[in-house]
Structures are given as structure tokens and as C-alpha cells.
Amino acid sequence: MQEQQKITKIPFWRSLRLKFALSYVALIVAVLGLLNTYPIFVSQDMVFKAKLTSLQNQAAVIASTVASMEELTQEGVTQVMEVLDESSMNRILVADQNGLILYDSDSGQSERSDEPRYAMMQELVLALEGSDVFQSTYSAGAFRSSGAVPVQYRNATIGGVYLYEYDSEQGAIITGLQQNLMRISLLLLALALLISVFLSRTMTRPIIRLTAGISGLRQGEYSTRVEVSGRDELAMLATAFNDMTERLEKTDEMRRRFVSDASHELKTPLASIKLLTDSIAQNENMDSETIRDFVQDIGTEADRLVRITEKLLALTRMDNAPHGQAERSSVDLVNVISDALHMLTPLADQRNISIHLILAQNCRVMASADEMYQVVFNLVENAIKYNVNDGKIWIRVRRSADSAFLIVEDTGIGIPQEDRARIFERFYRVDKARSREAGGTGLGLSIVHDTVVANGGAIRVDARPEGGTVFIVQLPLAQEHKTEGESGT
Ligand code: ADP
């Protein structure tokens, strides 16, 4: 639990949540920054262009009107300027080629003062040298535009016109736009903050849950499941995690059951051996006949221990090499059956059980001969062990285009439907007492099942309608026989 807390409680400043939130906010701030500057630049640029065009036009009109006078005089220029309506300009100044001001619209200074004044404006000086000069700037909420053009008569500069305009109206529109954009941006930023907090929380919640789940898993809590809604990648990850924990839980459960069953199976014969040896040791007057009986019993229990450990070892070997690392060759099932029957016929004879063979010849599978022997031996041994006295067993070998079938059928006690699905589990026995009495370990069918599956085959169990059981094993035919087609039974 402590470990889990250590993993899930990350300080906020280091959390993925903060990183997500900051990324959103940084992105929004960048977008808003662009929104606040780009439209303003574009509008300013448009106004600048409009100002310069209008200034150029008006300066040209004044210059050409004044030029028509041939000689520039104060009276003449003032007269012309009164006729021209250039009220949109804040200041109009006309000077002769020496810079002497002939007309100045600003507060009637030209009328008040009799003293000659010379124009010092940079633009006008340049205009008197023959250049057109225009400029427009925007600051403190107003556009300041100024410009000057030469007055030319017969290709000679005889004076200059200077214009100045101060426009706070357009400036107010731009300032208004700026303020509105700022307000909208602040609103959007507040909204983005809220959304980023919500989104980062939604995105990191499944990660936090998964982390807690993994931490639980590390401590062996295989029942841990993570609940995540939605269908995104994180939901897929959570589903994969849940599948994994479910499998681990099953495997762990199987492992526990296996260990407990195995210990129990080993304990029973060991307890009998202990009891028998104690009896011999404590009973000084025991006759040799009884001692021999007891020692024989000890031998039987030891045999049982050997059988169990051998089968456990066989299963462990298969667990370690699930895809069958045993040496494989083309094995004829008929030969394997004949070897197994050599060992098992005496057992069948003891109870007068007849064995009938219906075998397709030369039916070869690609497998380990030892493993196939184990399969046939276990199935036929069971058919004898769980048969009735005077019962019958049929062993069939058939083949299809690409599979070999081994069918072992008996007239025995049968397996109830509800047990059929479980008999391939380790240590699972329908009737424990009968199995033990017959020397069973509960491991034979698991070995058969695992061997068949490891060799690419399948096994099925069915009830025989007339009573008894049928085991059907399907195995892939060895390569060289696949094309030969089906042959008789
Ligand atoms: P065991 O060593 O007990 O025979 P197996 O794994 O070979 O273990 O078989 C598991 C159980 O399946 C047996 O205990 C028995 O109850 C049942 N079983 C297996 N084969 C047959 C059969 N041919 N007829 C009836 N029951 C069978």
C-alpha cells in the first residue's frame, strides 16, 4: 500500500497533469499573441498605404496648381490656396526654391508676421532638391503623416509643397480593435485555463489508475482491474492490462492449486510409509510375516511416489518446452500401439477385458516416439483401469488427408458430463478412491493433453451411447504421407 502511494502521489509541480495543462496554455497564449498582433499590423499597414496615397495625390494637386503661376509670390500662392479646399490636412506649407515660406496654413502665422521665415522641415529640404518624400507613423493612438513634393516649372524646381496630417480618428479605430482583441483574448485565456485543467485531469486519470493497478500487481494483487471509460488508446491499454491481470490471476490460481494438490498427493504415500515404518520400529514382537507385508506396502507407496514424481517431472519438462523440444521423427502409430499393448495386455487379461484393434496401416505422425507411447499407454491404461470386468476396448487408427486419428473406446464406467471438461486438469479425478486404488495419480490425462497439443494436435472426450468413454486424438500426419489420401480402417 505504501509502495502504491509512493507511485501515485507525485507532487503537482512534477505531474503529467501540470505538463498537459501548461502545454495547452502555452499553445493558446501563442495563438492569442498572433491574434493580438497580426490583425493590428495588417490594419495599420492598410491605413499607412491609404494615407500615403492621399498625401501624394493632394501634394501633386497643390504642386501642379501652384506651378501654373510661373513665379511664386506670397499673394499669388495664398490666393491659390484659398481656392483649393484642402481642409483635411492639418498643415500645408508652400515655399519657394530657397525655402522661404510663402504660405503656411498653421494658425495664420504667415499673415501675422512680416518677417520672412524659412522652412526647416527635412521633407521640404529634400523636396527642394527634387525628391518626393512621404512618411506615416502610428503612435499614441494617432497616425502622423507628412510629405513634401517639389513644385516644378519647365523642369526646374521653383519651390516645394509640404503637407502634414494628424489623424486620431483612424487611430481610435485601431486602438478600439486592439482593446477588443485584448478583451476577447483574456476571456479565451480564462476559458482555455479551465478547459486545460479539465482536459489534463481527464487525460491523466486513467494513467493514474493504471499506475495504481500496476503497483498493486507488483505486490501480487492479481485481482486488480482498472476501470476506464471511452475507446481511446488509454482505454485500449486499460483493457489489455485487465486481460493480462485476468490471465495472471488464473495462472496464479492454477499454480497455487497445483502446488497444494502436488503436496497433498506426495503427503499421502509419505504418511503411509511413516506409519508403516513406525509400526515396525515400535513393535518389537512383530512376526516376520507381518513385517514382510508392511515392507511390501512401503514398496507400493514408494512406487506410487516414484510414479507421481516421474509424471510431475514430465509435466515440468513440457511446461519448460511447450512446443515440444523432444526429438521428433516420423512415428508409425501402429508400432507405438503394439509396444504399449505388450505392457498392458497382462493388466487387461487380469480382468478379462478384450482389446480390439482396427488400424489403418502405415499411419505416421511427426512426433517423439516416447511421447506417443505415453499418450497411447495412458489412454489404454485408463480404458482398462476404469472398465468393468469382462469389458471391451476398441483401439482405432484412421487417417484423413492431413490428420491421423487415434480413437480409444471402452465399455467402462464412463465420465459424467460435468467432469468431462475438467479431466485434463492436473490432479483432477472423478472418483479419487477408485483412481488411487488403481494406482492413478490424476496426472496421466494432463500429460496426454499437453503432449498432443505440443505436437500440434487436439484431444476430445465423448461419452459412448451404450455406456463407457471414447477418447479421440487428432495429430497432423507426417509430411511424406499427407498427399497419399485416405486409406481403409
Ligand atoms: P488417473 O491417474 O487418476 O487415472 P488421469 O489423469 O489419467 O488420472 O485421469 C483423470 C481421471 O479421469 C481419472 O481419475 C478418472 O476419474 C477419469 N478417467 C480417465 N479415463 C477414464 C476412462 N477411460 N473411463 C472413465 N473415467 C476415466
# chains A, B, ... in the order shown; residues from 1 in each chain; ligands from 1

$ select_by_dssp --residues "stretch 89-291 of chain A" --states "alpha helix (DSSP H)" --output "VMD selection string"
chain A and resid 109 to 112 122 to 128 168 to 218 233 to 282 288 to 291

$ residues_near_ligand --ligand "ligand 1" --cutoff "9 Å" --atoms "only C-alpha atoms and all ligand atoms" --output "NGL selection string"
:A and (378-387 or 408-416 or 419-420 or 422-436 or 438-448 or 468-471)

$ residues_around --residues "A:Ile40" --least-positions-apart "2" --cutoff "9 Å" --atoms "only C-alpha atoms" --output "list in words"
Leu35, Asn36, Thr37, Tyr38, Val42, Ser43, Gln44, Asp45, Ile174, Thr175, Leu177 and Gln178 of chain A

$ residues_around --residues "A:Thr73" --least-positions-apart "3" --cutoff "12 Å" --atoms "only C-alpha atoms" --output "list in words"
Val66, Ala67, Met69, Glu70, Gly76, Val77, Thr78, Gln79, Val80, Val94, Ala95, Asp96, Gln97, Leu100, Ile101, Leu102, Tyr103, Ile158 and Gly159 of chain A

$ select_by_dssp --residues "stretch 177-366 of chain A" --states "strand (DSSP E or B)" --output "list of chain:residue names"
A:Ser329, A:Ser330, A:Val331, A:Asp332, A:Ser354, A:Ile355, A:His356, A:Leu357, A:Ile358, A:Leu359, A:Arg364, A:Val365, A:Met366

$ closest_residue --among "A:Thr316, A:Thr451, A:Thr224, A:Gln152" --to "A:Leu210" --atoms "only C-alpha atoms"
A:Thr224

$ residues_around --residues "A:Ile353" --least-positions-apart "4" --cutoff "8 Å" --atoms "only C-alpha atoms" --output "list of chain:residue names"
A:Ala348, A:Asp349, A:Ile384, A:Asn387, A:Val388, A:Asn389, A:Asp390, A:Gly391, A:Lys392, A:Ile393

$ write_last_selection --atoms "N, CA and C atoms" --output "tab-separated table (two decimals), in the first residue's frame"
chain	number	residue	atom	x	y	z
A	348	ALA	N	-5.03	-56.16	-18.76
A	348	ALA	CA	-6.39	-56.35	-19.29
A	348	ALA	C	-6.84	-57.80	-19.05
A	349	ASP	N	-5.90	-58.71	-19.25
A	349	ASP	CA	-6.23	-60.13	-19.08
A	349	ASP	C	-6.68	-60.43	-17.67
A	384	ILE	N	-8.53	-49.57	-19.36
A	384	ILE	CA	-8.55	-50.83	-18.60
A	384	ILE	C	-8.95	-50.54	-17.15
A	387	ASN	N	-12.59	-49.68	-16.55
A	387	ASN	CA	-13.52	-50.56	-17.27
A	387	ASN	C	-14.17	-51.52	-16.27
A	388	VAL	N	-15.15	-52.21	-16.76
A	388	VAL	CA	-15.78	-53.24	-15.91
A	388	VAL	C	-15.10	-54.57	-16.22
A	389	ASN	N	-15.21	-55.52	-15.31
A	389	ASN	CA	-14.66	-56.84	-15.60
A	389	ASN	C	-15.36	-57.38	-16.84
A	390	ASP	N	-14.66	-58.15	-17.66
A	390	ASP	CA	-15.17	-58.70	-18.93
A	390	ASP	C	-15.56	-57.60	-19.93
A	391	GLY	N	-15.03	-56.41	-19.73
A	391	GLY	CA	-15.38	-55.30	-20.63
A	391	GLY	C	-14.62	-55.38	-21.95
A	392	LYS	N	-14.82	-54.36	-22.79
A	392	LYS	CA	-14.17	-54.37	-24.11
A	392	LYS	C	-13.50	-53.01	-24.35
A	393	ILE	N	-12.44	-53.08	-25.17
A	393	ILE	CA	-11.77	-51.84	-25.57
A	393	ILE	C	-11.54	-51.92	-27.09
